[in-house]
Amino acid sequence: MNRVQIDEITAGRDAAIAKWLEAYDSFHALTDAANGLCFAGGISLPIPADDRYSDSGLTRAFHSAAPHNTRDRETGAVSSVSGRDHFRAKITVAMDRRCWRHLLETLGFDQLLDRQAREEFYKGINDTPPAFTSENCANTFGHIWENRRGLYLRGIANTFSALDRRFRSHDGFKIGSRLIIERALSDSRSYWTDYNRRDTLRDVERVFRELDELGPVPESASIARRITDTREATPFVIEGDYFRVRVFGNGNLHLWFERKDLLQRVNLLLAEHYGEAIGDAYDNTEADDAPQFHMTHAKDFGAFMSSDAVAAQVIRLAEIGRGMGVLEPSAGTGMLAKAAREAGGNVACIEIQPGMAHELRVLHGFGDVREADFLSLKPRPIYDRIVMNPPFDRGRDCDHVRHAFAFLKPGGVLIAVMSARAEFREDARHRALHKIVDQCKPSWGWKKWHDLPEGSFAHAGTNINTVILAIRKPG
């Protein structure tokens, strides 16, 4: 669709609004004339009871010629517009809402959007849609087209992470392993207890069919429908083109992926979306299968600095009291160190890069800054709190957290920003970390692992999903 065609559509929208305003003027002029001719008094047409749910009172606005008053919720000030201007605003919103939805679906752009983007788009036009103008159309749909690859990848990432939290990191897949979806069905298996699970299974099936160069499967033939329609005694197994699902009487589903070739392609797409911050290359992200530390440095020292929002979350979980001794290893630009100092901590920094160590001392005013490779230092358990955002790649975040734990006093708290895979990976390096985590209590609340929002490190050029580990050392 070119700009001339969009101009024709928006011109038609403008003409339709103008016709509605003519209808408004004519209706009220003729109504006034009729009421003036009738000695028994005027007649007003009833407003449908459900008008408030239909285009936000459009019919009511059309019928009313009286000024419309609006009170500002914050200031309490009352503003007034004529009945005609109020109807103009209502009919414009109603027309724009229909135009945006129709053009999105006519162009097929709704198929380019993942579920998150579709929900955001439709929510935007259901609330207060932007004016349906040529410029806005070109900008909106041009943006979708230019970012279609990223939207497609995000859709795949969202689909699999909704299925299981382990898939928030692209190396979370265990090909051939069992995936358990608990309490997905009612005891009678007549309905889904969580329709998000049903929709997620439909999305996963759609992704596999797209990668297999096939069209969407009809709802009646979908794996989700086959699960609920089968009336066999439990447990029973449903064999699909892409899944093998075992259904149990308690409503649990055990799911296996059957197409390893397509899983491999999904992993590559997830790696493209999340970026390679967690590994030097897609086929080389596996950490050495040994608990000893990586003594070589991460690429670019793994410098993906925390944002203000991430730092705020770390400090909230750390609960730093005034005068507490706080360490930030691999301090970088000192985002966590500065936040810890503002919270009242006496902060020490360790930083391997001379330039950044100099900035921590001179620009940021930290008196205790040690220029060194953190993993080479001999631990002393003297700190009340440790806050850290270590390098992620090839399991180095595990190495740094395990080493930092030895710097912590008994009863002290460690808060670490880590790759999402840190919670679930099962190689020796991650098992060594989990052994430490298992002996600790949560530092705050009831859980040790806290998901950070998607895109928390987009400012640093990576979509990698991250978590915060928050633990308290025994003692």
# chains A, B, ... in the order shown; residues from 1 in each chain; ligands from 1
call {"tool": "select_by_dssp", "arguments": {"residues": "stretch 49-128 of chain A", "states": "helix (DSSP H, G or I)", "output": "MDAnalysis selection string"}}
result
chainID A and resid 51:53 58:63 83:107 109:111 115:127
call {"tool": "residues_around", "arguments": {"residues": "stretch 317-321 of chain A", "least_positions_apart": "2", "cutoff": "12 Å", "atoms": "only C-alpha atoms", "output": "CSV table (one decimal) with all heavy atoms, in the first residue's frame"}}
result
chain,number,residue,atom,x,y,z
A,310,VAL,N,16.9,-1.3,37.3
A,310,VAL,CA,17.5,-2.6,37.8
A,310,VAL,C,18.2,-2.3,39.1
A,310,VAL,O,18.1,-3.1,40.1
A,310,VAL,CB,18.5,-3.2,36.8
A,310,VAL,CG1,19.3,-4.3,37.4
A,310,VAL,CG2,17.8,-3.7,35.5
A,311,ALA,N,18.9,-1.2,39.2
A,311,ALA,CA,19.6,-0.9,40.4
A,311,ALA,C,18.6,-0.7,41.6
A,311,ALA,O,18.9,-1.1,42.7
A,311,ALA,CB,20.5,0.4,40.2
A,312,ALA,N,17.5,0.0,41.3
A,312,ALA,CA,16.5,0.2,42.3
A,312,ALA,C,16.0,-1.1,42.8
A,312,ALA,O,15.7,-1.3,44.1
A,312,ALA,CB,15.4,1.1,41.8
A,313,GLN,N,15.7,-2.1,41.9
A,313,GLN,CA,15.2,-3.4,42.4
A,313,GLN,C,16.3,-4.1,43.2
A,313,GLN,O,15.9,-4.8,44.2
A,313,GLN,CB,14.9,-4.2,41.1
A,313,GLN,CG,14.4,-5.6,41.4
A,313,GLN,CD,13.0,-5.7,41.9
A,313,GLN,OE1,12.5,-4.8,42.6
A,313,GLN,NE2,12.3,-6.8,41.6
A,314,VAL,N,17.5,-4.0,42.8
A,314,VAL,CA,18.6,-4.7,43.6
A,314,VAL,C,18.7,-4.1,45.0
A,314,VAL,O,18.7,-4.9,46.0
A,314,VAL,CB,20.0,-4.5,42.9
A,314,VAL,CG1,21.1,-4.9,43.8
A,314,VAL,CG2,20.0,-5.4,41.6
A,315,ILE,N,18.6,-2.8,45.1
A,315,ILE,CA,18.7,-2.2,46.4
A,315,ILE,C,17.5,-2.5,47.3
A,315,ILE,O,17.6,-2.6,48.5
A,315,ILE,CB,18.9,-0.6,46.3
A,315,ILE,CG1,20.2,-0.4,45.5
A,315,ILE,CG2,19.0,0.0,47.6
A,315,ILE,CD1,21.5,-1.1,46.1
A,323,GLY,N,25.4,2.4,57.5
A,323,GLY,CA,26.6,2.0,58.1
A,323,GLY,C,27.0,0.5,57.7
A,323,GLY,O,28.1,0.1,58.1
A,324,MET,N,26.2,-0.2,57.0
A,324,MET,CA,26.5,-1.5,56.6
A,324,MET,C,27.7,-1.5,55.6
A,324,MET,O,27.8,-0.7,54.7
A,324,MET,CB,25.3,-2.2,56.0
A,324,MET,CG,24.3,-2.7,56.9
A,324,MET,SD,23.0,-3.6,56.0
A,324,MET,CE,22.0,-4.2,57.4
A,325,GLY,N,28.5,-2.5,55.7
A,325,GLY,CA,29.6,-2.7,54.8
A,325,GLY,C,29.1,-3.4,53.5
A,325,GLY,O,28.5,-4.5,53.6
A,326,VAL,N,29.3,-2.7,52.3
A,326,VAL,CA,28.7,-3.2,51.1
A,326,VAL,C,29.8,-3.4,50.1
A,326,VAL,O,30.7,-2.5,49.9
A,326,VAL,CB,27.6,-2.3,50.5
A,326,VAL,CG1,27.0,-2.9,49.3
A,326,VAL,CG2,26.5,-2.1,51.6
A,327,LEU,N,29.8,-4.5,49.3
A,327,LEU,CA,30.8,-4.7,48.3
A,327,LEU,C,30.1,-4.8,46.9
A,327,LEU,O,29.1,-5.5,46.8
A,327,LEU,CB,31.6,-6.0,48.5
A,327,LEU,CG,32.5,-6.4,47.4
A,327,LEU,CD1,33.7,-5.4,47.2
A,327,LEU,CD2,33.1,-7.8,47.6
A,336,LEU,N,25.3,0.1,40.8
A,336,LEU,CA,24.8,-0.5,42.0
A,336,LEU,C,25.5,0.1,43.3
A,336,LEU,O,24.9,0.3,44.3
A,336,LEU,CB,25.0,-2.0,42.0
A,336,LEU,CG,24.4,-2.8,40.9
A,336,LEU,CD1,24.6,-4.3,41.0
A,336,LEU,CD2,22.9,-2.5,40.8
A,337,ALA,N,26.8,0.4,43.1
A,337,ALA,CA,27.5,1.0,44.2
A,337,ALA,C,27.0,2.4,44.6
A,337,ALA,O,26.8,2.7,45.8
A,337,ALA,CB,29.0,1.2,43.9
A,339,ALA,N,23.9,3.5,44.1
A,339,ALA,CA,22.6,3.2,44.8
A,339,ALA,C,22.7,2.7,46.2
A,339,ALA,O,22.0,3.1,47.1
A,339,ALA,CB,21.8,2.3,43.9
A,340,ALA,N,23.7,1.9,46.4
A,340,ALA,CA,24.0,1.3,47.8
A,340,ALA,C,24.4,2.4,48.7
A,340,ALA,O,24.1,2.5,49.9
A,340,ALA,CB,25.0,0.2,47.7
A,341,ARG,N,25.3,3.3,48.2
A,341,ARG,CA,25.7,4.4,49.0
A,341,ARG,C,24.6,5.4,49.4
A,341,ARG,O,24.5,5.8,50.5
A,341,ARG,CB,26.8,5.2,48.3
A,341,ARG,CG,27.4,6.4,49.0
A,341,ARG,CD,28.6,7.0,48.3
A,341,ARG,NE,28.3,7.5,47.0
A,341,ARG,CZ,29.2,7.9,46.1
A,341,ARG,NH1,30.5,7.9,46.4
A,341,ARG,NH2,28.8,8.4,44.9
A,342,GLU,N,23.7,5.6,48.4
A,342,GLU,CA,22.5,6.5,48.7
A,342,GLU,C,21.6,5.8,49.8
A,342,GLU,O,21.0,6.5,50.5
A,342,GLU,CB,21.8,6.7,47.5
A,342,GLU,CG,22.5,7.6,46.5
A,342,GLU,CD,21.7,7.8,45.1
A,342,GLU,OE1,20.6,7.2,45.1
A,342,GLU,OE2,22.2,8.4,44.2
A,343,ALA,N,21.7,4.5,49.8
A,343,ALA,CA,20.8,3.8,50.8
A,343,ALA,C,21.5,3.8,52.2
A,343,ALA,O,20.9,3.3,53.2
A,343,ALA,CB,20.6,2.3,50.4
A,344,GLY,N,22.7,4.3,52.3
A,344,GLY,CA,23.4,4.4,53.6
A,344,GLY,C,24.5,3.5,53.8
A,344,GLY,O,25.1,3.4,54.9
A,345,GLY,N,24.9,2.7,52.8
A,345,GLY,CA,26.0,1.7,53.0
A,345,GLY,C,27.4,2.3,52.8
A,345,GLY,O,27.6,3.4,52.2
A,346,ASN,N,28.4,1.7,53.5
A,346,ASN,CA,29.8,2.0,53.3
A,346,ASN,C,30.3,1.1,52.2
A,346,ASN,O,30.5,-0.1,52.4
A,346,ASN,CB,30.6,1.8,54.6
A,346,ASN,CG,30.1,2.8,55.7
A,346,ASN,OD1,29.8,3.9,55.4
A,346,ASN,ND2,30.2,2.4,56.9
A,347,VAL,N,30.5,1.6,51.0
A,347,VAL,CA,30.6,0.8,49.8
A,347,VAL,C,32.1,0.7,49.4
A,347,VAL,O,32.8,1.7,49.3
A,347,VAL,CB,29.8,1.4,48.7
A,347,VAL,CG1,29.9,0.5,47.4
A,347,VAL,CG2,28.3,1.5,49.1
A,383,TYR,N,31.8,-8.5,54.7
A,383,TYR,CA,30.7,-7.6,54.2
A,383,TYR,C,29.3,-8.0,54.6
A,383,TYR,O,29.0,-9.2,54.6
A,383,TYR,CB,30.8,-7.5,52.7
A,383,TYR,CG,32.1,-6.9,52.2
A,383,TYR,CD1,33.1,-7.7,51.7
A,383,TYR,CD2,32.3,-5.5,52.2
A,383,TYR,CE1,34.3,-7.1,51.3
A,383,TYR,CE2,33.5,-4.9,51.8
A,383,TYR,CZ,34.5,-5.7,51.3
A,383,TYR,OH,35.7,-5.1,50.9
A,384,ASP,N,28.5,-7.0,55.0
A,384,ASP,CA,27.1,-7.3,55.3
A,384,ASP,C,26.3,-7.5,54.1
A,384,ASP,O,25.3,-8.3,54.1
A,384,ASP,CB,26.6,-6.1,56.1
A,384,ASP,CG,27.3,-5.8,57.4
A,384,ASP,OD1,27.3,-6.6,58.3
A,384,ASP,OD2,28.0,-4.7,57.4
A,385,ARG,N,26.6,-6.8,53.0
A,385,ARG,CA,25.8,-6.9,51.8
A,385,ARG,C,26.8,-7.0,50.6
A,385,ARG,O,27.8,-6.3,50.6
A,385,ARG,CB,24.9,-5.7,51.6
A,385,ARG,CG,23.8,-5.6,52.7
A,385,ARG,CD,22.8,-6.6,52.6
A,385,ARG,NE,21.7,-6.4,53.5
A,385,ARG,CZ,21.6,-6.9,54.7
A,385,ARG,NH1,22.6,-7.7,55.2
A,385,ARG,NH2,20.5,-6.7,55.5
A,386,ILE,N,26.4,-7.8,49.6
A,386,ILE,CA,27.1,-7.8,48.3
A,386,ILE,C,26.1,-7.6,47.2
A,386,ILE,O,25.1,-8.3,47.2
A,386,ILE,CB,27.9,-9.1,48.1
A,386,ILE,CG1,29.0,-9.2,49.1
A,386,ILE,CG2,28.4,-9.1,46.6
A,386,ILE,CD1,29.8,-10.5,49.0
A,387,VAL,N,26.3,-6.6,46.4
A,387,VAL,CA,25.4,-6.3,45.3
A,387,VAL,C,26.2,-6.4,44.0
A,387,VAL,O,27.3,-5.8,43.9
A,387,VAL,CB,24.7,-4.9,45.4
A,387,VAL,CG1,23.7,-4.9,46.6
A,387,VAL,CG2,25.7,-3.8,45.6
A,388,MET,N,25.7,-7.1,43.0
A,388,MET,CA,26.6,-7.4,41.8
A,388,MET,C,25.8,-7.6,40.6
A,388,MET,O,24.7,-8.1,40.6
A,388,MET,CB,27.5,-8.6,42.2
A,388,MET,CG,26.8,-9.9,42.5
A,388,MET,SD,27.8,-11.2,43.2
A,388,MET,CE,29.1,-11.3,42.0
A,412,GLY,N,24.8,-12.4,56.3
A,412,GLY,CA,24.8,-11.3,55.3
A,412,GLY,C,24.0,-11.7,54.1
A,412,GLY,O,23.5,-12.8,53.9
A,413,VAL,N,23.7,-10.7,53.2
A,413,VAL,CA,22.8,-10.8,52.1
A,413,VAL,C,23.6,-10.6,50.8
A,413,VAL,O,24.4,-9.6,50.7
A,413,VAL,CB,21.6,-9.9,52.2
A,413,VAL,CG1,20.9,-9.8,50.8
A,413,VAL,CG2,20.7,-10.3,53.3
A,414,LEU,N,23.4,-11.5,49.8
A,414,LEU,CA,24.0,-11.3,48.5
A,414,LEU,C,22.8,-11.1,47.4
A,414,LEU,O,21.9,-12.0,47.4
A,414,LEU,CB,24.8,-12.5,48.1
A,414,LEU,CG,25.5,-12.5,46.7
A,414,LEU,CD1,26.9,-13.2,46.8
A,414,LEU,CD2,24.7,-13.1,45.6
A,415,ILE,N,22.9,-10.1,46.6
A,415,ILE,CA,22.0,-9.8,45.6
A,415,ILE,C,22.7,-9.7,44.3
A,415,ILE,O,23.6,-8.9,44.1
A,415,ILE,CB,21.2,-8.5,45.8
A,415,ILE,CG1,20.7,-8.4,47.2
A,415,ILE,CG2,20.1,-8.3,44.8
A,415,ILE,CD1,19.6,-9.4,47.5
A,416,ALA,N,22.4,-10.6,43.3
A,416,ALA,CA,23.1,-10.7,42.1
A,416,ALA,C,22.2,-10.7,40.9
A,416,ALA,O,21.2,-11.5,40.9
A,416,ALA,CB,24.0,-12.0,42.0
A,417,VAL,N,22.5,-9.8,39.9
A,417,VAL,CA,21.8,-9.9,38.6
A,417,VAL,C,22.5,-11.0,37.8
A,417,VAL,O,23.7,-11.0,37.6
A,417,VAL,CB,21.9,-8.5,37.9
A,417,VAL,CG1,21.2,-8.6,36.5
A,417,VAL,CG2,21.3,-7.4,38.8
A,442,PRO,N,15.9,-17.2,51.4
A,442,PRO,CA,15.7,-15.9,50.7
A,442,PRO,C,16.0,-14.7,51.5
A,442,PRO,O,15.8,-14.7,52.7
A,442,PRO,CB,14.2,-16.0,50.3
A,442,PRO,CG,13.8,-17.4,50.5
A,442,PRO,CD,14.7,-18.0,51.6
A,443,SER,N,16.6,-13.7,50.9
A,443,SER,CA,16.9,-12.5,51.7
A,443,SER,C,15.6,-11.7,51.9
A,443,SER,O,15.6,-10.9,52.8
A,443,SER,CB,17.9,-11.7,50.9
A,443,SER,OG,17.3,-11.1,49.8
A,444,TRP,N,14.6,-11.9,51.1
A,444,TRP,CA,13.4,-11.0,51.1
A,444,TRP,C,12.3,-11.8,50.6
A,444,TRP,O,12.4,-12.5,49.5
A,444,TRP,CB,13.7,-9.8,50.3
A,444,TRP,CG,12.6,-8.7,50.4
A,444,TRP,CD1,12.5,-7.7,51.3
A,444,TRP,CD2,11.4,-8.6,49.6
A,444,TRP,NE1,11.4,-6.9,51.1
A,444,TRP,CE2,10.7,-7.5,50.0
A,444,TRP,CE3,10.9,-9.4,48.5
A,444,TRP,CZ2,9.5,-7.1,49.4
A,444,TRP,CZ3,9.7,-9.0,48.0
A,444,TRP,CH2,9.0,-7.9,48.4
A,445,GLY,N,11.2,-11.8,51.3
A,445,GLY,CA,10.0,-12.6,50.8
A,445,GLY,C,10.2,-14.0,50.9
A,445,GLY,O,10.9,-14.5,51.8
A,446,TRP,N,9.6,-14.8,50.0
A,446,TRP,CA,9.6,-16.2,50.1
A,446,TRP,C,10.3,-16.9,49.0
A,446,TRP,O,10.4,-18.2,48.9
A,446,TRP,CB,8.1,-16.7,50.1
A,446,TRP,CG,7.4,-16.3,48.9
A,446,TRP,CD1,6.7,-15.1,48.7
A,446,TRP,CD2,7.2,-16.9,47.6
A,446,TRP,NE1,6.1,-15.0,47.5
A,446,TRP,CE2,6.4,-16.1,46.8
A,446,TRP,CE3,7.7,-18.1,47.1
A,446,TRP,CZ2,6.1,-16.5,45.4
A,446,TRP,CZ3,7.4,-18.5,45.8
A,446,TRP,CH2,6.6,-17.7,45.0
A,447,LYS,N,10.9,-16.2,48.0
A,447,LYS,CA,11.6,-16.8,47.0
A,447,LYS,C,13.0,-16.2,46.8
A,447,LYS,O,13.3,-15.1,47.1
A,447,LYS,CB,10.8,-16.7,45.7
A,447,LYS,CG,10.5,-15.3,45.2
A,447,LYS,CD,9.7,-15.4,43.9
A,447,LYS,CE,9.4,-14.0,43.4
A,447,LYS,NZ,8.6,-14.0,42.1
A,448,LYS,N,13.9,-17.0,46.2
A,448,LYS,CA,15.3,-16.6,46.0
A,448,LYS,C,15.5,-16.0,44.6
A,448,LYS,O,16.4,-15.2,44.4
A,448,LYS,CB,16.2,-17.8,46.2
A,448,LYS,CG,16.1,-18.5,47.6
A,448,LYS,CD,16.9,-19.8,47.7
A,448,LYS,CE,16.6,-20.5,49.0
A,448,LYS,NZ,17.3,-21.8,49.1
A,449,TRP,N,14.7,-16.5,43.6
A,449,TRP,CA,14.9,-16.0,42.3
A,449,TRP,C,13.8,-15.1,41.9
A,449,TRP,O,12.6,-15.4,42.1
A,449,TRP,CB,14.9,-17.2,41.3
A,449,TRP,CG,16.0,-18.2,41.6
A,449,TRP,CD1,16.0,-19.3,42.3
A,449,TRP,CD2,17.4,-18.1,41.1
A,449,TRP,NE1,17.2,-20.0,42.3
A,449,TRP,CE2,18.1,-19.2,41.6
A,449,TRP,CE3,18.1,-17.2,40.3
A,449,TRP,CZ2,19.4,-19.5,41.3
A,449,TRP,CZ3,19.4,-17.4,40.0
A,449,TRP,CH2,20.1,-18.6,40.5
A,450,HIS,N,14.1,-13.9,41.4
A,450,HIS,CA,13.1,-12.9,41.0
A,450,HIS,C,13.3,-12.5,39.5
A,450,HIS,O,14.4,-12.1,39.2
A,450,HIS,CB,13.3,-11.7,41.9
A,450,HIS,CG,13.2,-11.9,43.3
A,450,HIS,ND1,12.0,-11.7,44.1
A,450,HIS,CD2,14.1,-12.4,44.2
A,450,HIS,CE1,12.2,-12.1,45.3
A,450,HIS,NE2,13.5,-12.5,45.4
A,468,ILE,N,17.2,-11.9,39.3
A,468,ILE,CA,17.9,-11.4,40.5
A,468,ILE,C,17.9,-12.6,41.5
A,468,ILE,O,16.9,-13.1,41.9
A,468,ILE,CB,17.4,-10.2,41.1
A,468,ILE,CG1,17.5,-9.0,40.2
A,468,ILE,CG2,18.0,-9.9,42.4
A,468,ILE,CD1,17.0,-7.7,40.7
A,469,LEU,N,19.1,-13.0,41.9
A,469,LEU,CA,19.3,-14.0,43.0
A,469,LEU,C,19.4,-13.2,44.3
A,469,LEU,O,20.3,-12.3,44.4
A,469,LEU,CB,20.5,-14.8,42.7
A,469,LEU,CG,20.9,-15.8,43.9
A,469,LEU,CD1,19.8,-16.9,44.1
A,469,LEU,CD2,22.3,-16.4,43.6
A,470,ALA,N,18.6,-13.5,45.2
A,470,ALA,CA,18.6,-12.8,46.5
A,470,ALA,C,18.6,-13.8,47.7
A,470,ALA,O,17.6,-14.5,47.9
A,470,ALA,CB,17.3,-11.9,46.6
A,471,ILE,N,19.8,-14.0,48.3
A,471,ILE,CA,20.0,-15.0,49.3
A,471,ILE,C,20.6,-14.5,50.5
A,471,ILE,O,21.3,-13.5,50.5
A,471,ILE,CB,20.8,-16.2,48.8
A,471,ILE,CG1,22.1,-15.7,48.2
A,471,ILE,CG2,20.0,-17.0,47.7
A,471,ILE,CD1,23.1,-16.8,47.7
A,472,ARG,N,20.4,-15.1,51.7
A,472,ARG,CA,21.0,-14.8,52.9
A,472,ARG,C,21.9,-15.9,53.4
A,472,ARG,O,21.4,-17.1,53.4
A,472,ARG,CB,19.9,-14.5,54.0
A,472,ARG,CG,20.5,-14.0,55.3
A,472,ARG,CD,19.4,-13.7,56.3
A,472,ARG,NE,18.5,-12.7,55.9
A,472,ARG,CZ,18.7,-11.4,56.0
A,472,ARG,NH1,19.8,-11.0,56.7
A,472,ARG,NH2,17.9,-10.5,55.6
call {"tool": "residues_around", "arguments": {"residues": "A:Asp14", "least_positions_apart": "3", "cutoff": "10 Å", "atoms": "only C-alpha atoms", "output": "PyMOL selection string"}}
result
chain A and resi 8-11+17-19+92+95-96+132-133
call {"tool": "closest_residue", "arguments": {"among": "A:Asp203, A:Leu211, A:Asn389, A:Ala404", "to": "A:Thr159", "atoms": "only C-alpha atoms"}}
result
A:Asp203
call {"tool": "closest_residue", "arguments": {"among": "A:Gly334, A:Val93, A:Arg225, A:Gly83", "to": "A:Thr128", "atoms": "only C-alpha atoms"}}
result
A:Val93
call {"tool": "atom_distance", "arguments": {"atom1": "atom CA of A:Ala331", "atom2": "atom CA of A:Cys349"}}
result
5.8 Å
call {"tool": "select_by_dssp", "arguments": {"residues": "stretch 298-446 of chain A", "states": "strand (DSSP E or B)", "output": "compact mmCIF listing (two decimals) with C-alpha atoms, in the first residue's frame"}}
result
# COMPACT_ATOMS: atom_id res chain seq x y z
CA GLY A 325 29.62 -2.72 54.75
CA VAL A 326 28.70 -3.24 51.09
CA LEU A 327 30.80 -4.68 48.25
CA GLU A 328 30.19 -4.35 44.52
CA ASN A 346 29.77 2.04 53.31
CA VAL A 347 30.64 0.82 49.82
CA ALA A 348 33.79 -0.86 48.53
CA CYS A 349 34.34 -1.43 44.81
CA ILE A 350 36.46 -3.89 42.86
CA GLU A 351 37.01 -3.18 39.15
CA ASP A 368 37.63 2.19 48.71
CA VAL A 369 38.27 1.10 45.12
CA ARG A 370 40.54 -1.83 44.31
CA GLU A 371 41.77 -2.26 40.73
CA TYR A 383 30.75 -7.60 54.18
CA ASP A 384 27.13 -7.28 55.33
CA ARG A 385 25.84 -6.93 51.78
CA ILE A 386 27.11 -7.79 48.31
CA VAL A 387 25.38 -6.30 45.27
CA MET A 388 26.60 -7.38 41.84
CA LEU A 408 29.97 -12.34 52.84
CA LYS A 409 29.55 -12.37 56.62
CA PRO A 410 27.37 -15.10 58.17
CA GLY A 411 23.83 -13.73 58.06
CA GLY A 412 24.79 -11.34 55.26
CA VAL A 413 22.82 -10.84 52.05
CA LEU A 414 23.96 -11.31 48.46
CA ILE A 415 21.97 -9.81 45.58
CA ALA A 416 23.14 -10.70 42.06
CA VAL A 417 21.79 -9.89 38.61
CA MET A 418 22.21 -13.06 36.54
CA SER A 419 21.24 -14.66 33.26
CA LYS A 441 17.27 -18.69 52.79
CA PRO A 442 15.70 -15.95 50.67
call {"tool": "atom_distance", "arguments": {"atom1": "atom CA of A:Gly57", "atom2": "atom CA of A:Ser82"}}
result
15.8 Å
call {"tool": "closest_residue", "arguments": {"among": "A:Leu58, A:Leu377, A:His63, A:Glu210", "to": "A:Ser26", "atoms": "only C-alpha atoms"}}
result
A:His63
call {"tool": "decode", "arguments": {"residues": "stretch 139-151 of chain A", "atoms": "N, CA and C atoms", "output": "mmCIF file, in the first residue's frame"}}
result
data_model
loop_
_atom_site.group_PDB
_atom_site.id
_atom_site.type_symbol
_atom_site.label_atom_id
_atom_site.label_comp_id
_atom_site.auth_asym_id
_atom_site.auth_seq_id
_atom_site.Cartn_x
_atom_site.Cartn_y
_atom_site.Cartn_z
ATOM 1 N N ASN A 139 3.643 6.256 9.627
ATOM 2 C CA ASN A 139 4.578 6.032 10.726
ATOM 3 C C ASN A 139 4.295 4.716 11.447
ATOM 4 N N THR A 140 2.999 4.444 11.735
ATOM 5 C CA THR A 140 2.649 3.249 12.495
ATOM 6 C C THR A 140 2.959 1.980 11.719
ATOM 7 N N PHE A 141 2.451 1.884 10.493
ATOM 8 C CA PHE A 141 2.632 0.657 9.732
ATOM 9 C C PHE A 141 4.045 0.547 9.175
ATOM 10 N N GLY A 142 4.685 1.691 8.927
ATOM 11 C CA GLY A 142 6.095 1.642 8.537
ATOM 12 C C GLY A 142 6.959 1.090 9.651
ATOM 13 N N HIS A 143 6.652 1.494 10.894
ATOM 14 C CA HIS A 143 7.403 0.983 12.046
ATOM 15 C C HIS A 143 7.197 -0.519 12.190
ATOM 16 N N ILE A 144 5.954 -0.979 12.034
ATOM 17 C CA ILE A 144 5.696 -2.422 12.137
ATOM 18 C C ILE A 144 6.482 -3.171 11.069
ATOM 19 N N TRP A 145 6.465 -2.661 9.839
ATOM 20 C CA TRP A 145 7.144 -3.350 8.742
ATOM 21 C C TRP A 145 8.653 -3.376 8.949
ATOM 22 N N GLU A 146 9.216 -2.265 9.385
ATOM 23 C CA GLU A 146 10.667 -2.202 9.587
ATOM 24 C C GLU A 146 11.118 -3.103 10.730
ATOM 25 N N ASN A 147 10.229 -3.321 11.700
ATOM 26 C CA ASN A 147 10.598 -4.117 12.872
ATOM 27 C C ASN A 147 9.946 -5.500 12.869
ATOM 28 N N ARG A 148 9.490 -5.950 11.696
ATOM 29 C CA ARG A 148 8.742 -7.206 11.647
ATOM 30 C C ARG A 148 9.589 -8.391 12.107
ATOM 31 N N ARG A 149 10.879 -8.382 11.802
ATOM 32 C CA ARG A 149 11.726 -9.498 12.222
ATOM 33 C C ARG A 149 11.842 -9.544 13.741
ATOM 34 N N GLY A 150 12.071 -8.389 14.336
ATOM 35 C CA GLY A 150 12.161 -8.338 15.799
ATOM 36 C C GLY A 150 10.857 -8.717 16.473
ATOM 37 N N LEU A 151 9.723 -8.287 15.895
ATOM 38 C CA LEU A 151 8.424 -8.648 16.450
ATOM 39 C C LEU A 151 8.179 -10.144 16.331
#
